[in-house]
$ cat target14.txt   # compact mmCIF, C-alpha atoms
# COMPACT_ATOMS: atom_id res chain seq x y z
CA MET L 353 102.09 129.47 61.33
CA LYS L 354 104.62 126.75 60.67
CA TYR L 355 104.17 123.23 59.37
CA LEU L 356 106.08 120.64 61.41
CA ILE L 357 106.54 117.73 59.00
CA ASP L 358 107.49 114.15 59.73
CA GLY L 359 109.79 113.88 56.69
CA TYR L 360 109.84 110.21 55.78
CA ASN L 361 106.25 109.75 56.90
CA LEU L 362 105.16 112.30 54.27
CA PHE L 363 107.76 111.22 51.71
CA TYR L 364 106.34 107.69 51.51
CA GLN L 365 102.85 109.10 50.86
CA THR L 366 104.01 111.00 47.77
CA ASP L 367 105.34 110.21 44.33
CA CYS L 368 108.54 112.14 45.07
CA GLU L 369 111.69 110.29 44.04
CA THR L 370 114.12 112.11 46.36
CA LYS L 371 114.08 114.10 49.57
CA GLU L 372 115.05 117.14 47.48
CA ASP L 373 111.89 116.68 45.36
CA LEU L 374 109.82 116.59 48.53
CA ILE L 375 111.50 119.73 49.90
CA PHE L 376 110.90 121.52 46.57
CA ARG L 377 107.19 120.65 46.71
CA ILE L 378 106.92 121.74 50.35
CA ASP L 379 108.73 124.99 49.49
CA SER L 380 106.27 125.71 46.65
CA PHE L 381 103.37 124.92 48.97
CA CYS L 382 104.71 127.26 51.69
CA ARG L 383 105.57 130.03 49.24
CA GLN L 384 102.01 129.97 47.86
CA ARG L 385 100.56 130.31 51.37
CA GLY L 386 103.13 132.63 52.91
CA LYS L 387 104.02 129.98 55.52
CA SER L 388 107.15 128.08 56.53
CA ALA L 389 107.93 124.50 57.41
CA LEU L 390 110.30 122.46 59.50
CA VAL L 391 110.86 118.98 58.05
CA VAL L 392 112.47 116.39 60.32
CA PHE L 393 114.00 113.23 58.84
CA ASP L 394 115.55 110.23 60.55
CA GLY L 395 119.26 109.78 60.00
CA PHE L 396 121.99 112.07 58.82
CA CYS L 397 122.65 114.03 55.64
CA PRO L 398 125.86 115.97 55.04
CA ASP L 399 124.20 118.18 52.42
CA LYS L 400 122.16 121.26 53.28
CA ILE L 401 118.86 120.76 51.47
CA GLY L 402 116.62 123.39 53.07
CA THR L 403 115.30 126.55 51.44
CA GLY L 404 114.38 130.00 52.68
CA ARG L 405 110.97 128.75 53.79
CA VAL L 406 111.76 125.14 54.57
CA GLU L 407 114.16 124.20 57.34
CA VAL L 408 115.36 120.59 57.19
CA ARG L 409 116.71 118.72 60.20
CA PHE L 410 118.14 115.24 60.38
CA ALA L 411 117.83 113.57 63.75
CA GLY L 412 118.87 110.13 64.90
CA ASP L 413 115.22 109.62 65.83
CA ALA L 414 112.85 111.98 64.03
CA ASP L 415 109.88 110.99 66.19
CA ARG L 416 111.76 111.89 69.36
CA GLU L 417 112.85 115.23 67.83
CA ILE L 418 109.31 116.08 66.71
CA SER L 419 107.92 115.11 70.13
CA ALA L 420 110.43 117.44 71.80
CA ILE L 421 109.47 120.31 69.46
CA ILE L 422 105.79 119.77 70.19
CA GLU L 423 106.30 119.56 73.95
CA ALA L 424 108.47 122.71 73.98
CA ASN L 425 106.02 124.73 71.89
CA GLN L 426 104.27 127.45 73.90
CA ASN L 427 101.71 128.49 71.29
CA PRO L 428 99.67 125.62 69.78
CA SER L 429 98.21 127.84 67.07
CA GLU L 430 101.72 128.34 65.64
CA LEU L 431 102.16 124.73 64.54
CA ILE L 432 100.45 122.23 62.28
CA LEU L 433 101.84 118.71 62.48
CA VAL L 434 101.94 116.72 59.23
CA SER L 435 102.29 113.05 60.18
CA SER L 436 100.34 109.83 60.34
CA ASP L 437 102.43 108.40 63.16
CA GLY L 438 99.91 107.49 65.86
CA GLU L 439 102.10 108.48 68.79
CA LEU L 440 103.00 111.88 67.27
CA VAL L 441 99.36 112.55 66.40
CA TYR L 442 98.40 111.74 70.00
CA ILE L 443 101.10 114.04 71.44
CA ALA L 444 100.13 116.87 69.08
CA ARG L 445 96.43 116.63 69.89
CA LYS L 446 97.20 116.41 73.60
CA ASN L 447 99.07 119.70 73.18
CA LYS L 448 96.18 121.21 71.15
CA ILE L 449 98.19 121.30 67.92
CA LYS L 450 96.33 120.82 64.65
CA VAL L 451 97.21 117.65 62.73
CA ILE L 452 97.07 116.84 59.04
CA LYS L 453 97.69 113.18 58.34
CA SER L 454 100.37 112.64 55.71
CA GLU L 455 97.98 110.84 53.36
CA HIS L 456 95.65 113.87 53.47
CA PHE L 457 98.31 116.53 52.96
CA LEU L 458 97.78 118.18 49.59
CA PHE L 459 100.45 120.07 47.74
CA GLU L 460 98.13 122.04 45.47
CA THR L 461 99.76 125.35 44.80
CA GLU L 462 97.49 126.78 42.16
CA ALA L 463 95.74 130.02 43.03
CA PRO L 464 92.06 129.90 43.93
CA ARG L 465 89.72 130.40 41.00
CA GLN L 466 89.23 134.05 40.22
CA ILE L 467 85.69 135.44 40.05
CA GLU L 468 84.82 136.46 36.52
CA GLN L 469 83.78 140.07 35.94
CA ASP L 470 80.16 139.18 35.29
CA GLU L 471 79.91 136.90 38.34
CA ASN L 472 78.48 138.28 41.54
CA PRO L 473 80.41 136.88 44.54
CA ASN L 474 77.48 137.77 46.83
CA PHE L 475 74.85 136.00 44.72
CA ARG L 476 71.89 134.74 46.69
CA MET L 477 69.06 132.67 45.29
CA SER L 478 65.55 133.27 46.57
CA ASP L 479 63.54 130.39 48.00
CA ARG L 480 61.17 130.65 45.04
CA GLU L 481 64.03 130.37 42.52
CA ALA L 482 65.48 127.41 44.39
CA GLU L 483 62.10 125.61 44.42
CA ARG L 484 61.68 126.22 40.68
CA LEU L 485 65.15 124.81 39.93
CA LEU L 486 64.54 121.78 42.17
CA GLU L 487 61.26 121.06 40.39
CA GLU L 488 63.03 121.35 37.04
CA PHE L 489 65.86 119.10 38.19
CA ASN L 490 63.45 116.48 39.53
CA TYR L 491 61.54 116.60 36.23
CA PHE L 492 64.67 115.71 34.27
CA LYS L 493 65.80 113.22 36.91
CA SER L 494 62.69 111.09 36.47
CA GLU L 495 63.08 110.78 32.69

$ encode --input "target14.txt" --output "structure tokens"
Amino acid sequence: MKYLIDGYNLFYQTDCETKEDLIFRIDSFCRQRGKSALVVFDGFCPDKIGTGRVEVRFAGDADREISAIIEANQNPSELILVSSDGELVYIARKNKIKVIKSEHFLFETEAPRQIEQDENPNFRMSDREAERLLEEFNYFKSE
């Protein structure tokens, strides 16, 4: 799976100060999940700022470039679009591509919480135990 990212659209939703900061955060995100990303920016940049997991493209019109990538894609489950641009979101959904709006894209890279040795990951509470705890909770709630 690859993230197709509307570069400036995401950039302006973050506290990143430079495009390189954004690419670094996307790289960390992708590395944590074993995924890759293609970030498309408007304009031109003479410097190569991609990484092993993050390809960066500069296009005269990023929206047009992203639209072309979406339309040419043969496998919708391969892409996730990250953009809040209404037209791109429409095109992606029309092509059955998952969308994450830029303002909802999270860069958390910390590992999921590990289960402690004494915790049972398959713990199930009986109906009786649940009723007892609810009664106890409601008792304290009314005080």

$ closest_residue --input "target14.txt" --among "L:Cys382, L:Ala389, L:Leu486, L:Val434" --to "Phe363 in chain L" --atoms "all atoms listed in the file"
L:Val434

$ residues_around --input "target14.txt" --residues "Gln426 in chain L" --least-positions-apart "5" --cutoff "10 Å" --atoms "only C-alpha atoms" --output "NGL selection string"
:L and (421 or 431 or 447)

$ residues_around --input "target14.txt" --residues "Glu407 in chain L" --least-positions-apart "2" --cutoff "7 Å" --atoms "all atoms listed in the file" --output "VMD selection string"
chain L and resid 389 to 391 402 to 403 405 409

$ closest_residue --input "target14.txt" --among "L:Asp437, L:Lys450, L:Ile432, L:Glu369" --to "Ala414 in chain L" --atoms "all atoms listed in the file"
L:Asp437

$ atom_distance --input "target14.txt" --atom1 "CA of Leu356 in chain L" --atom2 "CA of Pro398 in chain L"
21.3 Å

$ residues_around --input "target14.txt" --residues "Ile418 in chain L" --least-positions-apart "5" --cutoff "9 Å" --atoms "all atoms listed in the file" --output "CSV table (one decimal) with C-alpha atoms, keeping the file's coordinate frame"
chain,number,residue,atom,x,y,z
L,356,LEU,CA,106.1,120.6,61.4
L,357,ILE,CA,106.5,117.7,59.0
L,358,ASP,CA,107.5,114.2,59.7
L,392,VAL,CA,112.5,116.4,60.3
L,413,ASP,CA,115.2,109.6,65.8
L,423,GLU,CA,106.3,119.6,74.0
L,433,LEU,CA,101.8,118.7,62.5
L,440,LEU,CA,103.0,111.9,67.3

$ residues_around --input "target14.txt" --residues "Gly404 in chain L" --least-positions-apart "5" --cutoff "12 Å" --atoms "only C-alpha atoms" --output "MDAnalysis selection string"
chainID L and resid 375:376 378:380 382:383 386:390

$ closest_residue --input "target14.txt" --among "L:His456, L:Lys448, L:Arg484, L:Arg385" --to "Gln365 in chain L" --atoms "only C-alpha atoms"
L:His456

$ atom_distance --input "target14.txt" --atom1 "CA of Arg445 in chain L" --atom2 "CA of Cys368 in chain L"
28.0 Å

$ atom_distance --input "target14.txt" --atom1 "CA of Val441 in chain L" --atom2 "CA of Phe381 in chain L"
21.7 Å

$ residues_around --input "target14.txt" --residues "Ser419 in chain L" --least-positions-apart "3" --cutoff "9 Å" --atoms "all atoms listed in the file" --output "JSON list (two decimals) with C-alpha atoms, in the coordinates of the input"
[["chain", "number", "residue", "atom", "x", "y", "z"],
["L", 414, "ALA", "CA", 112.85, 111.98, 64.03],
["L", 415, "ASP", "CA", 109.88, 110.99, 66.19],
["L", 416, "ARG", "CA", 111.76, 111.89, 69.36],
["L", 422, "ILE", "CA", 105.79, 119.77, 70.19],
["L", 423, "GLU", "CA", 106.30, 119.56, 73.95],
["L", 424, "ALA", "CA", 108.47, 122.71, 73.98],
["L", 439, "GLU", "CA", 102.10, 108.48, 68.79],
["L", 440, "LEU", "CA", 103.00, 111.88, 67.27],
["L", 443, "ILE", "CA", 101.10, 114.04, 71.44],
["L", 444, "ALA", "CA", 100.13, 116.87, 69.08]]

$ closest_residue --input "target14.txt" --among "L:Asp394, L:Phe410, L:Leu362, L:Ile449" --to "Ser429 in chain L" --atoms "all atoms listed in the file"
L:Ile449

$ closest_residue --input "target14.txt" --among "L:Ser435, L:Glu372, L:Asn427, L:Tyr360" --to "Ala411 in chain L" --atoms "only C-alpha atoms"
L:Tyr360
